[in-house]
Every structure is written in C-alpha cells, then in structure tokens.
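Chemist: Handing over start_18.cif, mmCIF, C-alpha atoms.
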```cif
data_entry
#
loop_
_atom_site.group_PDB
_atom_site.id
_atom_site.type_symbol
_atom_site.label_atom_id
_atom_site.label_comp_id
_atom_site.auth_asym_id
_atom_site.auth_seq_id
_atom_site.Cartn_x
_atom_site.Cartn_y
_atom_site.Cartn_z
ATOM 1 C CA MET Q 11 0.000 0.000 0.000
ATOM 2 C CA LYS Q 12 2.270 2.730 -1.273
ATOM 3 C CA GLU Q 13 -0.165 5.453 -0.215
ATOM 4 C CA THR Q 14 1.005 4.626 3.316
ATOM 5 C CA ALA Q 15 3.848 6.876 4.493
ATOM 6 C CA LEU Q 16 6.659 5.416 6.589
ATOM 7 C CA ILE Q 17 7.595 7.638 9.529
ATOM 8 C CA PHE Q 18 10.836 6.666 11.268
ATOM 9 C CA ASP Q 19 12.191 7.330 14.707
ATOM 10 C CA LEU Q 20 15.889 8.229 14.531
ATOM 11 C CA ASP Q 21 17.994 6.980 17.453
ATOM 12 C CA GLY Q 22 18.119 3.196 17.547
ATOM 13 C CA THR Q 23 16.055 2.992 14.371
ATOM 14 C CA LEU Q 24 18.013 4.795 11.640
ATOM 15 C CA TRP Q 25 21.365 5.321 13.360
ATOM 16 C CA ASP Q 26 23.328 4.847 16.585
ATOM 17 C CA SER Q 27 24.969 8.031 17.863
ATOM 18 C CA SER Q 28 25.165 6.854 21.474
ATOM 19 C CA GLN Q 29 28.962 6.629 21.637
ATOM 20 C CA SER Q 30 29.463 10.163 20.347
ATOM 21 C CA VAL Q 31 26.713 11.576 22.550
ATOM 22 C CA ALA Q 32 28.176 9.834 25.608
ATOM 23 C CA GLU Q 33 31.593 11.314 24.846
ATOM 24 C CA ILE Q 34 30.495 14.943 24.466
ATOM 25 C CA TRP Q 35 27.974 14.830 27.318
ATOM 26 C CA THR Q 36 30.652 13.434 29.634
ATOM 27 C CA ILE Q 37 33.040 16.224 28.644
ATOM 28 C CA LYS Q 38 30.434 18.941 29.181
ATOM 29 C CA GLY Q 39 28.845 17.269 32.209
ATOM 30 C CA LYS Q 40 32.124 17.242 34.127
ATOM 31 C CA LYS Q 41 32.234 21.029 33.742
ATOM 32 C CA SER Q 42 28.557 21.860 34.229
ATOM 33 C CA ILE Q 43 27.084 19.132 36.459
ATOM 34 C CA ASP Q 44 29.767 17.395 38.529
ATOM 35 C CA PRO Q 45 33.529 16.718 38.123
ATOM 36 C CA ASN Q 46 32.791 12.999 38.446
ATOM 37 C CA PHE Q 47 29.958 13.032 35.900
ATOM 38 C CA SER Q 48 30.177 10.258 33.310
ATOM 39 C CA LEU Q 49 27.897 8.576 30.799
ATOM 40 C CA THR Q 50 28.483 5.388 28.810
ATOM 41 C CA LYS Q 51 26.934 4.645 25.448
ATOM 42 C CA GLU Q 52 24.648 2.178 27.245
ATOM 43 C CA ASP Q 53 23.487 4.978 29.542
ATOM 44 C CA VAL Q 54 22.709 7.133 26.523
ATOM 45 C CA GLN Q 55 20.855 4.337 24.753
ATOM 46 C CA ALA Q 56 18.612 3.936 27.800
ATOM 47 C CA LEU Q 57 17.829 7.673 27.713
ATOM 48 C CA MET Q 58 17.239 8.059 23.989
ATOM 49 C CA GLY Q 59 13.643 8.585 22.962
ATOM 50 C CA LYS Q 60 12.766 10.479 26.132
ATOM 51 C CA THR Q 61 12.112 14.206 26.176
ATOM 52 C CA MET Q 62 15.026 16.445 27.095
ATOM 53 C CA LYS Q 63 13.252 17.458 30.304
ATOM 54 C CA ASP Q 64 13.060 13.831 31.450
ATOM 55 C CA ILE Q 65 16.652 13.147 30.408
ATOM 56 C CA LEU Q 66 17.978 16.085 32.392
ATOM 57 C CA LEU Q 67 15.956 15.110 35.435
ATOM 58 C CA SER Q 68 17.524 11.657 35.217
ATOM 59 C CA ILE Q 69 21.145 12.745 34.824
ATOM 60 C CA ALA Q 70 21.086 15.841 37.062
ATOM 61 C CA PRO Q 71 18.326 15.319 39.653
ATOM 62 C CA LYS Q 72 19.946 17.541 42.294
ATOM 63 C CA LEU Q 73 20.008 20.663 40.141
ATOM 64 C CA SER Q 74 17.192 23.187 39.991
ATOM 65 C CA GLU Q 75 14.876 23.259 37.003
ATOM 66 C CA ASP Q 76 16.457 26.499 35.788
ATOM 67 C CA GLU Q 77 19.950 25.024 36.075
ATOM 68 C CA ARG Q 78 18.869 21.899 34.199
ATOM 69 C CA SER Q 79 17.316 24.016 31.453
ATOM 70 C CA ARG Q 80 20.518 26.029 31.033
ATOM 71 C CA ILE Q 81 22.720 22.941 31.026
ATOM 72 C CA GLY Q 82 20.373 21.208 28.615
ATOM 73 C CA GLU Q 83 20.815 23.974 26.063
ATOM 74 C CA GLU Q 84 24.589 23.728 26.435
ATOM 75 C CA LEU Q 85 24.551 19.958 26.005
ATOM 76 C CA LEU Q 86 22.369 20.034 22.911
ATOM 77 C CA LEU Q 87 24.412 22.736 21.191
ATOM 78 C CA SER Q 88 27.634 20.883 21.990
ATOM 79 C CA GLU Q 89 26.116 17.628 20.798
ATOM 80 C CA ASN Q 90 25.135 19.078 17.425
ATOM 81 C CA ASP Q 91 28.626 20.521 16.957
ATOM 82 C CA TYR Q 92 30.349 17.276 18.015
ATOM 83 C CA LEU Q 93 28.288 15.132 15.641
ATOM 84 C CA VAL Q 94 29.611 17.053 12.631
ATOM 85 C CA ASP Q 95 32.967 15.277 12.975
ATOM 86 C CA HIS Q 96 31.768 12.325 15.085
ATOM 87 C CA PRO Q 97 28.517 11.220 13.412
ATOM 88 C CA GLY Q 98 26.364 8.290 14.394
ATOM 89 C CA VAL Q 99 26.619 4.905 12.692
ATOM 90 C CA LEU Q 100 24.084 3.649 10.161
ATOM 91 C CA PHE Q 101 22.665 0.141 10.471
ATOM 92 C CA PRO Q 102 23.643 -2.720 8.109
ATOM 93 C CA GLU Q 103 22.224 -2.420 4.565
ATOM 94 C CA GLU Q 104 20.443 0.792 5.557
ATOM 95 C CA LEU Q 105 20.948 2.790 2.383
ATOM 96 C CA GLU Q 106 20.018 -0.163 0.182
ATOM 97 C CA THR Q 107 16.861 -0.729 2.235
ATOM 98 C CA LEU Q 108 15.753 2.904 2.191
ATOM 99 C CA ASN Q 109 16.438 3.177 -1.536
ATOM 100 C CA SER Q 110 14.379 0.048 -2.101
ATOM 101 C CA LEU Q 111 11.453 1.509 -0.166
ATOM 102 C CA ARG Q 112 11.603 4.720 -2.189
ATOM 103 C CA GLU Q 113 11.733 2.735 -5.416
ATOM 104 C CA GLU Q 114 8.624 0.855 -4.296
ATOM 105 C CA GLY Q 115 6.864 4.199 -3.952
ATOM 106 C CA TYR Q 116 6.844 4.741 -0.192
ATOM 107 C CA ARG Q 117 7.173 8.272 1.162
ATOM 108 C CA LEU Q 118 9.772 8.409 3.956
ATOM 109 C CA PHE Q 119 9.748 10.789 6.919
ATOM 110 C CA ILE Q 120 11.413 11.176 10.332
ATOM 111 C CA VAL Q 121 9.869 12.175 13.674
ATOM 112 C CA SER Q 122 12.181 12.270 16.692
ATOM 113 C CA ASN Q 123 12.177 13.628 20.246
ATOM 114 C CA CYS Q 124 15.392 15.510 19.501
ATOM 115 C CA GLN Q 125 16.543 19.114 19.293
ATOM 116 C CA LEU Q 126 16.657 21.319 16.213
ATOM 117 C CA GLY Q 127 19.661 20.534 14.036
ATOM 118 C CA TYR Q 128 20.067 16.926 15.173
ATOM 119 C CA ILE Q 129 18.144 15.188 12.381
ATOM 120 C CA GLU Q 130 20.170 17.194 9.877
ATOM 121 C CA LYS Q 131 23.356 15.500 11.122
ATOM 122 C CA PHE Q 132 21.865 12.145 10.185
ATOM 123 C CA LEU Q 133 20.577 13.432 6.844
ATOM 124 C CA SER Q 134 24.111 14.488 5.908
ATOM 125 C CA LEU Q 135 24.994 10.770 5.747
ATOM 126 C CA VAL Q 136 22.254 9.767 3.288
ATOM 127 C CA PRO Q 137 21.154 10.943 -0.179
ATOM 128 C CA GLU Q 138 19.059 14.101 0.148
ATOM 129 C CA THR Q 139 16.259 12.593 -1.940
ATOM 130 C CA LEU Q 140 15.562 9.707 0.461
ATOM 131 C CA PHE Q 141 13.457 11.532 3.051
ATOM 132 C CA GLU Q 142 10.646 13.854 2.104
ATOM 133 C CA GLY Q 143 10.502 15.667 5.421
ATOM 134 C CA HIS Q 144 11.024 15.557 9.169
ATOM 135 C CA LEU Q 145 9.778 17.056 12.421
ATOM 136 C CA CYS Q 146 11.148 16.936 15.969
ATOM 137 C CA TRP Q 147 10.571 17.986 19.565
ATOM 138 C CA GLY Q 148 12.613 21.091 18.827
ATOM 139 C CA ASP Q 149 9.930 22.111 16.328
ATOM 140 C CA THR Q 150 6.841 21.383 18.411
ATOM 141 C CA HIS Q 151 8.032 21.242 22.060
ATOM 142 C CA ASP Q 152 5.316 18.640 22.525
ATOM 143 C CA GLU Q 153 5.015 14.888 22.937
ATOM 144 C CA LYS Q 154 5.887 12.632 20.015
ATOM 145 C CA ALA Q 155 2.270 11.700 19.230
ATOM 146 C CA VAL Q 156 1.490 15.376 18.672
ATOM 147 C CA THR Q 157 4.573 15.757 16.480
ATOM 148 C CA ILE Q 158 3.558 12.732 14.407
ATOM 149 C CA ARG Q 159 0.056 14.078 13.858
ATOM 150 C CA ARG Q 160 1.388 17.520 12.965
ATOM 151 C CA LEU Q 161 3.747 16.016 10.378
ATOM 152 C CA MET Q 162 0.890 14.023 8.895
ATOM 153 C CA LYS Q 163 -1.288 17.123 8.647
ATOM 154 C CA GLU Q 164 1.435 19.310 7.171
ATOM 155 C CA ARG Q 165 2.452 16.670 4.624
ATOM 156 C CA ASN Q 166 -1.077 15.620 3.709
ATOM 157 C CA ILE Q 167 -0.573 12.053 4.959
ATOM 158 C CA SER Q 168 -3.769 10.078 5.523
ATOM 159 C CA LYS Q 169 -2.170 6.680 6.241
ATOM 160 C CA ALA Q 170 1.130 6.028 7.983
ATOM 161 C CA ILE Q 171 3.186 3.491 9.888
ATOM 162 C CA TYR Q 172 5.613 4.543 12.609
ATOM 163 C CA ILE Q 173 8.869 2.584 12.901
ATOM 164 C CA GLY Q 174 10.661 2.933 16.241
ATOM 165 C CA ASP Q 175 12.588 0.977 18.830
ATOM 166 C CA THR Q 176 11.114 1.824 22.243
ATOM 167 C CA ASN Q 177 7.909 1.455 24.210
ATOM 168 C CA GLY Q 178 7.693 5.248 24.151
ATOM 169 C CA ASP Q 179 7.583 5.074 20.360
ATOM 170 C CA GLU Q 180 4.881 2.434 20.575
ATOM 171 C CA ASN Q 181 2.796 4.566 22.930
ATOM 172 C CA ALA Q 182 3.211 7.595 20.675
ATOM 173 C CA SER Q 183 2.086 5.576 17.663
ATOM 174 C CA ASN Q 184 -0.968 4.361 19.535
ATOM 175 C CA ARG Q 185 -1.895 7.883 20.607
ATOM 176 C CA ALA Q 186 -1.365 9.137 17.072
ATOM 177 C CA GLY Q 187 -3.692 6.388 15.825
ATOM 178 C CA ILE Q 188 -1.278 4.635 13.457
ATOM 179 C CA PRO Q 189 0.303 1.132 13.401
ATOM 180 C CA PHE Q 190 3.670 0.601 15.068
ATOM 181 C CA PHE Q 191 6.538 -1.497 13.702
ATOM 182 C CA HIS Q 192 9.089 -2.312 16.396
ATOM 183 C CA ALA Q 193 12.788 -2.058 15.508
ATOM 184 C CA LYS Q 194 13.939 -4.928 17.731
ATOM 185 C CA TYR Q 195 17.534 -4.277 16.692
ATOM 186 C CA GLY Q 196 17.433 -0.899 18.476
ATOM 187 C CA PHE Q 197 17.640 0.166 22.114
ATOM 188 C CA GLY Q 198 14.275 -0.738 23.628
ATOM 189 C CA LYS Q 199 11.327 -3.087 23.850
ATOM 190 C CA ALA Q 200 7.686 -3.018 22.809
ATOM 191 C CA GLU Q 201 4.550 -4.687 24.135
ATOM 192 C CA LYS Q 202 2.199 -5.299 21.203
ATOM 193 C CA PRO Q 203 3.688 -3.986 17.962
ATOM 194 C CA ALA Q 204 1.931 -4.664 14.684
ATOM 195 C CA VAL Q 205 5.230 -6.069 13.395
ATOM 196 C CA ALA Q 206 8.595 -6.816 15.020
ATOM 197 C CA LEU Q 207 11.628 -6.153 12.827
ATOM 198 C CA PRO Q 208 14.816 -8.148 13.525
ATOM 199 C CA SER Q 209 16.764 -5.750 11.289
ATOM 200 C CA LEU Q 210 16.165 -2.639 9.257
ATOM 201 C CA SER Q 211 16.829 -4.616 6.098
ATOM 202 C CA SER Q 212 13.823 -6.829 6.931
ATOM 203 C CA LEU Q 213 11.407 -3.891 6.586
ATOM 204 C CA PRO Q 214 10.506 -4.172 2.873
ATOM 205 C CA GLU Q 215 9.508 -7.831 3.182
ATOM 206 C CA ALA Q 216 7.716 -7.145 6.475
ATOM 207 C CA LEU Q 217 5.640 -4.460 4.774
ATOM 208 C CA ARG Q 218 4.680 -6.797 1.935
ATOM 209 C CA ALA Q 219 3.629 -9.492 4.407
ATOM 210 C CA TYR Q 220 1.734 -6.968 6.550
ATOM 211 C CA PHE Q 221 -0.340 -5.647 3.669
ATOM 212 C CA ASP Q 222 -0.897 -9.117 2.166
ATOM 213 C CA GLN Q 223 -2.735 -10.042 5.348
ATOM 214 C CA ARG Q 224 -5.125 -7.078 5.055
#
```
Take the structure I supplied and represent it as structure tokens, if you would.

Modeler:
Amino acid sequence: MKETALIFDLDGTLWDSSQSVAEIWTIKGKKSIDPNFSLTKEDVQALMGKTMKDILLSIAPKLSEDERSRIGEELLLSENDYLVDHPGVLFPEELETLNSLREEGYRLFIVSNCQLGYIEKFLSLVPETLFEGHLCWGDTHDEKAVTIRRLMKERNISKAIYIGDTNGDENASNRAGIPFFHAKYGFGKAEKPAVALPSLSSLPEALRAYFDQR
C-alpha cells in the first residue's frame, strides 16, 4: 500500500549516535554538572527517545529546574557541533533498504524527540532525496504523538506506519492512531507492535507481508 507513508524514529532505528553523545555529554557534564559526571553509550541508549526534560531530570536530579534548562541547552548545542565530525553509525544495509522503499513508492519521513539541528546531522549521511521531510521535539516542544500528527497534517498524509525501537515510540504511535513497527535491533522493547523487525533490512519484506494479510 504505497499510499502509506513510513515515519521513522531516529535513534536506535536509523542510526546509533550513542557513543558520540556519551563522549560529548561526559566532557560537558564534568564542567557543568559534577567533576565525576560520566555517561556510557549504554546509559545514553537507555535515555534516547525520552524528552530532554526527562533526560535532564535523570542525569542531574539535584540541580534546579532552571539550572537543568541552562545545562540542557549547552549539552544540545555541543552535541550538534560534536556530531559534525563524530557522526552516528548507520545500520547494516540501511541505504540499500531505504532506496528500495523509495523505489517501491513509499514516502519516507522522520519524527524524533530531539533538538533542532540533530536530524540534519543524520541526513548528511544519506542521499538528500531519500526523506521527504522531518519534524522533531525542537519544532513542536510537545510529545511525540502530537509531532507525528502535525507532520501528517502538514504533509497531507492520511495513512502512515511509525517505525521505532522503544515502548515510548509504541505509545506515541498508539496515541497518534497509526500502526507501530518495532525495531527490535534498536535500544528498547515493545509490548504489542503490529510487526517486530529483527533488522532494518527486513522492513521491505515485512511491509509486503503486513499488507498481504489485510
């Protein structure tokens, strides 16, 4: 059903930037939060997909809300700058898979709970014609379900599937009223996804099987 748009989460679904994010956040956190502050890539993977407010509350619970807000802005700006020379890693056969989906007629989009400028770092690694558009928390400052629905409205999308790797993605899909495909190869779990994907490269065949059953 090519009239169905495919909306992707980013972290853990289209790339893994956790090592780079852990490195720059540790550097900045030692200066702004605590001299002993440290994050591993596993720590970052567990945080990805959450809103920045929740992330900051988790990593700096003793700071005031104003202090967390200030530090959050510093971390996000530093992260965007760091990713220019230390980008995330694409998943196996990613470009071939995305090209195949485009050739089959699917429209591809990205919705992420990230800051402005972050998705662009990923897009610099792929052909500019692959994705038709994107929207993030930095655009809407609202929950992911709202961002998904706004993207669908702005892009005139009547049918969509959301592909993500966490239970938060699943909940957002449910609230947005669209099916959820779980990227099992990512960072999180899901409860009742419409489809579970063992790899990104399995998506084209999973879509064919999904629509054949309808």

Chemist: For the atom pair CA of Met162 (chain Q) and CA of Asn181 (chain Q), what is the interatomic distance in Å to one decimal place?

Modeler: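 If I compute the distance from CA of Met162 (chain Q) to CA of Asn181 (chain Q), I get 17.0 Å.
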
Chemist: With distances taken over only C-alpha atoms, which of Q:Lys154, Q:His144, Q:Arg159, Q:Arg218 is nearest to Glu114 (chain Q)?

Modeler: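 So, comparing all the options, the nearest one is Q:Arg218.
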
Chemist: Evaluate the PyMOL selection byres ((chain Q and resi 100) around 12) against this structure - the residues, as a compact mmCIF listing (two decimals) with C-alpha atoms, in the frame of the given file, please.

Modeler:
```
# COMPACT_ATOMS: atom_id res chain seq x y z
CA LEU Q 20 15.89 8.23 14.53
CA ASP Q 21 17.99 6.98 17.45
CA GLY Q 22 18.12 3.20 17.55
CA THR Q 23 16.06 2.99 14.37
CA LEU Q 24 18.01 4.80 11.64
CA TRP Q 25 21.36 5.32 13.36
CA ASP Q 26 23.33 4.85 16.58
CA SER Q 27 24.97 8.03 17.86
CA SER Q 28 25.16 6.85 21.47
CA PRO Q 97 28.52 11.22 13.41
CA GLY Q 98 26.36 8.29 14.39
CA VAL Q 99 26.62 4.90 12.69
CA PHE Q 101 22.66 0.14 10.47
CA PRO Q 102 23.64 -2.72 8.11
CA GLU Q 103 22.22 -2.42 4.57
CA GLU Q 104 20.44 0.79 5.56
CA LEU Q 105 20.95 2.79 2.38
CA GLU Q 106 20.02 -0.16 0.18
CA THR Q 107 16.86 -0.73 2.24
CA LEU Q 108 15.75 2.90 2.19
CA LYS Q 131 23.36 15.50 11.12
CA PHE Q 132 21.86 12.14 10.18
CA LEU Q 133 20.58 13.43 6.84
CA SER Q 134 24.11 14.49 5.91
CA LEU Q 135 24.99 10.77 5.75
CA VAL Q 136 22.25 9.77 3.29
CA GLY Q 196 17.43 -0.90 18.48
CA SER Q 209 16.76 -5.75 11.29
CA LEU Q 210 16.16 -2.64 9.26
CA SER Q 211 16.83 -4.62 6.10
```

Chemist: Mind giving me the straight-line distance from CA of Glu84 (chain Q) to CA of Phe47 (chain Q) in Å, one decimal?

Modeler: 15.3 Å

Chemist: If you count all atoms listed in the file, which residues fall within 12 Å of Leu67 (chain Q), apart from same-chain ones fewer than 2 positions away, as a PyMOL selection string?

Modeler: chain Q and resi 43+57+60-65+69-79+81-82

Chemist: The PyMOL selection byres ((chain Q and resi 141) around 6) on the file shown: which residues, as a list in words?

Modeler: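 The output of the PyMOL selection byres ((chain Q and resi 141) around 6) on this file is Leu118, Phe119, Thr139, Leu140, Glu142 and Gly143 of chain Q.
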
Chemist: Put the listed atoms of region 196-205 of chain Q in a box along x, y and z with 4 Å added on every side and give me the centre and edge lengths in Å to one decimal, as lines of an AutoDock Vina configuration file.

Modeler:
```
center_x = 9.8
center_y = -3.0
center_z = 18.8
size_x = 23.7
size_y = 14.2
size_z = 18.7
```
